[in-house]
Amino acid sequence: MDSEQLLKCLDTKGSFSTWDFSKENNIDHQKIIGVVKSILALGNIITADPVTSKYWELTDEGESVLLNGSYEVNLYNAIPSDGIPQKELMSIPNAKIGFSQAMSKGWIVIDRSLNKVMKKVDSVVDKVKNDLIELKASRDQISESDKLDYKKRKLIREVVIKSFIIGKGPEFTTSIVKLETELTTEMILSGSWKSTPFKSYNFEALGQPQSAGCLHPLLKVRSDFRQIFLEMGFTEMPTNNFVESSFWNFDALFQPQQHPARDSHDTFFFG
């Protein structure tokens, strides 16, 4: 679906929920959200009010229970009328969960004299499977405590949907005109800039973050030496002279007269 298709649907319906629209037309909801945001960037063509909704859906384990029955009912049905040793009973799939649930519901009992697990009631109803059928059919008629229990058992999960209620804006149109982003020489010469729609500037948009610079390794070494001399008691001379005399370059630093650094090829003199 593109922008113009959505606008034509909006022109016919007046307003609608993006989530309901995606379900009715079997379109990925995120694709519709992307189209809505692209239209919003063009101006006041549509209005979009955010809406948050929640619903429950079955997990893969919940789908398995819906197909094969709950673990506690399957365990109950696996017990013959004369009972079954607990070790043998625990070999069926998901027996640990089914056993604890069946025990807590009072469906089964352990006969210590026979060392067997026996049925305590004549028949049971698979409430878990029936509740999951209700949720699968979008009939949210089970209690909140049951929902929390099934969520804890990882049979269902809560899904949060962030959608929009979209409507016609003050500049509504069913045809999208691409906004120009820059003024060209041709527009100025032809005068078409007077009737050309331009995209407005977003002066509040953040610029691209700039990576911070760092000191050159030699500057780091110079900074370390400077700090060492300052800690030894030396002070920096405030001067704007980039060229100093021989006195300040050598004599004031107690440089010997015959030191190699005083050689002509190592010293620059200005006349």
# chains A, B, ... in the order shown; residues from 1 in each chain; ligands from 1

call {"tool": "residues_around", "arguments": {"residues": "region 149-155 of chain A", "least_positions_apart": "5", "cutoff": "9 Å", "atoms": "only C-alpha atoms", "output": "list of chain:residue names"}}
result
A:Glu57, A:Leu58, A:Thr59, A:Asp60, A:Glu61, A:Gly62, A:Glu63, A:Ser64, A:Val65, A:Val128, A:Leu132, A:Glu144

call {"tool": "residues_around", "arguments": {"residues": "region 68-70 of chain A", "least_positions_apart": "4", "cutoff": "10 Å", "atoms": "only C-alpha atoms", "output": "list of chain:residue names"}}
result
A:Gly62, A:Glu63, A:Ser64, A:Asn74, A:Leu75, A:Asn94, A:Ile97, A:Gly98, A:Gln101, A:Asp126, A:Lys127, A:Val128, A:Lys129, A:Asn130

call {"tool": "select_by_dssp", "arguments": {"residues": "region 31-147 of chain A", "states": "strand (DSSP E)", "output": "list in words"}}
result
Ile46, Thr47, Ala48, Asp49, Pro50, Val51, Thr52, Ser53, Lys54, Tyr55, Trp56, Glu57, Leu58, Ile108, Val109, Ile110, Asp111, Lys116, Val117, Met118 and Lys119 of chain A

call {"tool": "write_last_selection", "arguments": {"atoms": "C-alpha atoms", "output": "compact mmCIF listing (two decimals), in the first residue's frame"}}
result
# COMPACT_ATOMS: atom_id res chain seq x y z
CA ILE A 46 -4.04 14.02 7.70
CA THR A 47 -4.44 13.95 11.46
CA ALA A 48 -3.14 11.02 13.49
CA ASP A 49 -4.13 10.47 17.12
CA PRO A 50 -2.03 7.79 18.86
CA VAL A 51 -3.93 4.93 20.50
CA THR A 52 -2.54 2.15 22.70
CA SER A 53 -4.47 -1.12 22.91
CA LYS A 54 -3.75 -4.53 24.38
CA TYR A 55 -4.86 -8.06 23.58
CA TRP A 56 -3.92 -11.61 24.46
CA GLU A 57 -2.55 -14.17 22.04
CA LEU A 58 -1.55 -17.80 22.39
CA ILE A 108 -5.83 -37.45 41.52
CA VAL A 109 -4.45 -38.95 44.71
CA ILE A 110 -1.45 -41.09 45.63
CA ASP A 111 -2.45 -44.39 47.24
CA LYS A 116 -0.03 -46.00 42.78
CA VAL A 117 -1.59 -42.80 41.52
CA MET A 118 -5.39 -43.12 41.45
CA LYS A 119 -8.19 -41.03 39.99

call {"tool": "closest_residue", "arguments": {"among": "A:Leu135, A:Ala205, A:Ile33, A:Leu67", "to": "Glu158 (chain A)", "atoms": "only C-alpha atoms"}}
result
A:Leu135

call {"tool": "atom_distance", "arguments": {"atom1": "CA of Ile79 (chain A)", "atom2": "CA of Val124 (chain A)"}}
result
12.6 Å

call {"tool": "closest_atom_pairs", "arguments": {"of": "region 74-189 of chain A", "to": "region 8-18 of chain A", "cutoff": "8 Å", "atoms": "only C-alpha atoms", "output": "CSV"}}
result
residue,atom,partner,partner_atom,distance
A:Ser163,CA,A:Thr18,CA,5.9
A:Phe164,CA,A:Thr18,CA,5.6
A:Ile165,CA,A:Ser17,CA,4.5
A:Ile166,CA,A:Ser15,CA,5.6
A:Gly167,CA,A:Ser15,CA,4.5
A:Lys168,CA,A:Gly14,CA,7.0
A:Thr174,CA,A:Lys8,CA,5.7

call {"tool": "closest_residue", "arguments": {"among": "A:Val36, A:Gln227, A:Phe234, A:Asp131", "to": "Asp146 (chain A)", "atoms": "only C-alpha atoms"}}
result
A:Asp131

call {"tool": "select_by_dssp", "arguments": {"residues": "region 42-206 of chain A", "states": "helix (DSSP H, G or I)", "output": "PyMOL selection string"}}
result
chain A and resi 60-68+71-77+86-89+95-104+127-136+144-152+185-190+192-194

call {"tool": "closest_residue", "arguments": {"among": "A:Pro256, A:Val73, A:Pro85, A:Ile176", "to": "Ser3 (chain A)", "atoms": "only C-alpha atoms"}}
result
A:Ile176

call {"tool": "atom_distance", "arguments": {"atom1": "CA of Glu72 (chain A)", "atom2": "CA of Ala102 (chain A)"}}
result
5.2 Å

call {"tool": "atom_distance", "arguments": {"atom1": "CA of Glu180 (chain A)", "atom2": "CA of Pro197 (chain A)"}}
result
6.3 Å

call {"tool": "decode", "arguments": {"residues": "region 66-77 of chain A", "atoms": "N, CA, C and O atoms", "output": "compact mmCIF listing (two decimals), in the first residue's frame"}}
result
# COMPACT_ATOMS: atom_id res chain seq x y z
N LEU A 66 -4.05 -26.10 22.86
CA LEU A 66 -5.31 -25.95 22.14
C LEU A 66 -5.56 -27.16 21.23
O LEU A 66 -6.70 -27.60 21.03
N LEU A 67 -4.49 -27.70 20.68
CA LEU A 67 -4.61 -28.83 19.76
C LEU A 67 -4.70 -30.16 20.47
O LEU A 67 -5.51 -31.04 20.10
N ASN A 68 -3.90 -30.34 21.52
CA ASN A 68 -3.78 -31.65 22.16
C ASN A 68 -4.41 -31.74 23.54
O ASN A 68 -4.46 -32.83 24.12
N GLY A 69 -4.88 -30.63 24.09
CA GLY A 69 -5.44 -30.64 25.43
C GLY A 69 -4.42 -30.23 26.47
O GLY A 69 -3.20 -30.24 26.21
N SER A 70 -4.88 -29.85 27.65
CA SER A 70 -3.98 -29.39 28.72
C SER A 70 -3.21 -30.56 29.29
O SER A 70 -3.62 -31.73 29.20
N TYR A 71 -2.09 -30.25 29.91
CA TYR A 71 -1.21 -31.29 30.45
C TYR A 71 -1.88 -32.06 31.58
O TYR A 71 -1.72 -33.28 31.69
N GLU A 72 -2.66 -31.36 32.43
CA GLU A 72 -3.30 -32.03 33.56
C GLU A 72 -4.39 -32.99 33.11
O GLU A 72 -4.56 -34.08 33.68
N VAL A 73 -5.14 -32.61 32.06
CA VAL A 73 -6.18 -33.51 31.55
C VAL A 73 -5.55 -34.71 30.86
O VAL A 73 -6.02 -35.85 31.01
N ASN A 74 -4.48 -34.48 30.10
CA ASN A 74 -3.80 -35.60 29.44
C ASN A 74 -3.24 -36.57 30.47
O ASN A 74 -3.29 -37.80 30.28
N LEU A 75 -2.71 -36.05 31.57
CA LEU A 75 -2.19 -36.92 32.62
C LEU A 75 -3.32 -37.69 33.30
O LEU A 75 -3.21 -38.88 33.58
N TYR A 76 -4.43 -36.99 33.54
CA TYR A 76 -5.60 -37.65 34.17
C TYR A 76 -6.11 -38.79 33.29
O TYR A 76 -6.41 -39.88 33.78
N ASN A 77 -6.19 -38.54 31.98
CA ASN A 77 -6.70 -39.57 31.06
C ASN A 77 -5.74 -40.75 30.94
O ASN A 77 -6.15 -41.83 30.51
